[in-house]
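Before any comments, here is the structure.
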Amino acid sequence: MTLQSLIDALSLSVFHLDQPERPVAGGYCGDLLSWVMGRAGADCAWLTIMSNGNVAAVASLTDCACVILTDGVQPDPDLLSKTQAHGVNLLGTGLGTYEAALALGEALRAGT
């Protein structure tokens with residue numbers, strides 16, 4: 001599915017969107033940045049509550065399709081600036097991480 005399809009399916013907020021047609025192939029949930037660096041796959045949607053500037057660096061290193069801030073978390077100004085500078089897609093949802101992961105899984109299975 002494309003990132004735009006995922007945004008529409010989950011009614012995600014868009015903080016920064018560089019690549020709406022980028023494919024999303026899976027998901028990863030994690031808040032420990034060093035852990036995410038070694039485990040998140042390319043083209044995944046990374047769900048996290050972390051909102052500092054280092055998130056953009058980790059997203060770039062892992063080549064994830066997007067970062068989805070869960071639990072209504074808003075990006076800190078440094079994160080927003082770095083996602084714009086590095087072309088990282090940054091989205092948000094009011095859903096908790098678990099609920100967002102379930103919704104992501106259903107959307108990916110449905111292929112919407």
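Residue numbers start at 1 in each chain; chains themselves are named A, B, ... in the order of the structure tokens; ligands are numbered from 1 in the order shown.
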So that I can check the surroundings of A:Leu79, please list as a list in words every protein, DNA and RNA residue that reaches within 12 Å of it, counting only C-alpha atoms and ignoring chain neighbours fewer than 2 positions away.
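The filter keeps Phe15, His16, Met50, Ser51, Asn52, Gly53, Asn54, Val55, Ala56, Ala57, Val58, Ala59, Val67, Leu69, Gln74, Pro75, Asp76, Pro77, Ser81, Lys82, Thr83, Gln84, Ala85, His86, Gly87, Val88, Asn89, Leu90 and Leu91 of chain A.
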Residues flagged helix (DSSP H, G or I) by DSSP in chain A, as a PyMOL selection string:
chain A and resi 3-10+33-39+54-62+77-86+97-110
Of the candidates A:Gly41, A:Gly72, A:Gly111, A:Gly96, which shows the shortest atom-to-atom distance to A:Tyr28, using only C-alpha atoms?
A:Gly41
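Residues with any atom within 10 Å of A:Ala101, counting only C-alpha atoms and excluding same-chain neighbours fewer than 3 positions away, are Gly26, Gly27, Tyr28, Cys29, Ala45, Trp46, Leu47, Thr70, Leu95, Gly96, Thr97, Tyr98, Leu104, Gly105, Glu106 and Ala107 of chain A.
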Any chance you can output those residues with N, CA and C atoms as an mmCIF file, in the first residue's frame?
data_model
loop_
_atom_site.group_PDB
_atom_site.id
_atom_site.type_symbol
_atom_site.label_atom_id
_atom_site.label_comp_id
_atom_site.auth_asym_id
_atom_site.auth_seq_id
_atom_site.Cartn_x
_atom_site.Cartn_y
_atom_site.Cartn_z
ATOM 1 N N GLY A 26 5.222 -2.782 6.039
ATOM 2 C CA GLY A 26 5.070 -3.393 7.356
ATOM 3 C C GLY A 26 5.078 -2.333 8.421
ATOM 4 N N GLY A 27 5.274 -2.764 9.649
ATOM 5 C CA GLY A 27 5.291 -1.822 10.757
ATOM 6 C C GLY A 27 6.300 -2.219 11.806
ATOM 7 N N TYR A 28 6.667 -1.260 12.627
ATOM 8 C CA TYR A 28 7.549 -1.519 13.763
ATOM 9 C C TYR A 28 7.160 -0.563 14.885
ATOM 10 N N CYS A 29 7.060 -1.085 16.101
ATOM 11 C CA CYS A 29 6.741 -0.270 17.272
ATOM 12 C C CYS A 29 7.957 -0.249 18.182
ATOM 13 N N ALA A 45 6.321 1.350 8.599
ATOM 14 C CA ALA A 45 5.771 2.486 9.330
ATOM 15 C C ALA A 45 6.231 2.309 10.774
ATOM 16 N N TRP A 46 6.986 3.259 11.276
ATOM 17 C CA TRP A 46 7.523 3.182 12.638
ATOM 18 C C TRP A 46 6.588 3.926 13.570
ATOM 19 N N LEU A 47 6.016 3.226 14.540
ATOM 20 C CA LEU A 47 5.114 3.811 15.526
ATOM 21 C C LEU A 47 5.877 4.070 16.813
ATOM 22 N N THR A 70 2.253 8.313 18.032
ATOM 23 C CA THR A 70 1.011 7.783 18.580
ATOM 24 C C THR A 70 0.602 8.530 19.845
ATOM 25 N N LEU A 95 -4.548 7.528 18.443
ATOM 26 C CA LEU A 95 -4.602 6.158 18.941
ATOM 27 C C LEU A 95 -3.364 5.829 19.757
ATOM 28 N N GLY A 96 -3.518 4.959 20.730
ATOM 29 C CA GLY A 96 -2.367 4.431 21.443
ATOM 30 C C GLY A 96 -1.537 3.569 20.503
ATOM 31 N N THR A 97 -0.322 3.280 20.885
ATOM 32 C CA THR A 97 0.569 2.518 20.019
ATOM 33 C C THR A 97 -0.012 1.154 19.663
ATOM 34 N N TYR A 98 -0.556 0.458 20.640
ATOM 35 C CA TYR A 98 -1.135 -0.860 20.391
ATOM 36 C C TYR A 98 -2.294 -0.774 19.398
ATOM 37 N N LEU A 104 -2.895 -0.526 11.682
ATOM 38 C CA LEU A 104 -1.911 -0.629 10.598
ATOM 39 C C LEU A 104 -1.914 -2.024 10.017
ATOM 40 N N GLY A 105 -1.896 -3.033 10.867
ATOM 41 C CA GLY A 105 -1.915 -4.412 10.397
ATOM 42 C C GLY A 105 -3.146 -4.721 9.570
ATOM 43 N N GLU A 106 -4.294 -4.262 10.030
ATOM 44 C CA GLU A 106 -5.533 -4.503 9.271
ATOM 45 C C GLU A 106 -5.492 -3.800 7.921
ATOM 46 N N ALA A 107 -5.005 -2.564 7.905
ATOM 47 C CA ALA A 107 -4.939 -1.830 6.633
ATOM 48 C C ALA A 107 -3.978 -2.509 5.661
#
Counting only C-alpha atoms, which residue out of A:Ser60, A:Thr93, A:Gly30, A:Gly38 sits closest to A:Asp8?
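Selected residue with least distance to A:Asp8: A:Thr93.
Pairwise distance (atom CA of A:Thr48, atom CA of A:Ile68) equals 6.4 Å.
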Restricting the calculation to only C-alpha atoms, which member of A:Gln19, A:Glu99, A:Val24, A:Ala42 is positioned closest to A:Leu6?
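Checking each candidate against A:Leu6, we get A:Val24 as the closest.
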Looking at A:Gln4, A:Glu21, A:Met37, A:Gly94, which one is nearest to A:Asp71, with distances taken over only C-alpha atoms?
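For A:Asp71, the nearest of the candidates is A:Gly94.
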Distance criterion (only C-alpha atoms): nearest to A:Arg109 out of A:Leu12, A:Ala25, A:Cys66, A:Leu80
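Of A:Leu12, A:Ala25, A:Cys66, A:Leu80, the one nearest A:Arg109, counting only C-alpha atoms, is A:Ala25.
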Could you please determine the separation between atom CA of A:Ser13 and atom CA of A:Ala65 in Å, to one decimal place?
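Rounded to one decimal, the two atoms are 15.3 Å apart.
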Report, in Å to a single decimal, how far apart atom CA of A:Val73 and atom CA of A:Asp43 are.
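Interatomic distance here is 22.1 Å.
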Which residue of A:Ile49, A:Leu10, A:Cys44, A:Arg39 approaches A:Leu102 most closely, using only C-alpha atoms
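The closest residue to A:Leu102 is A:Leu10.
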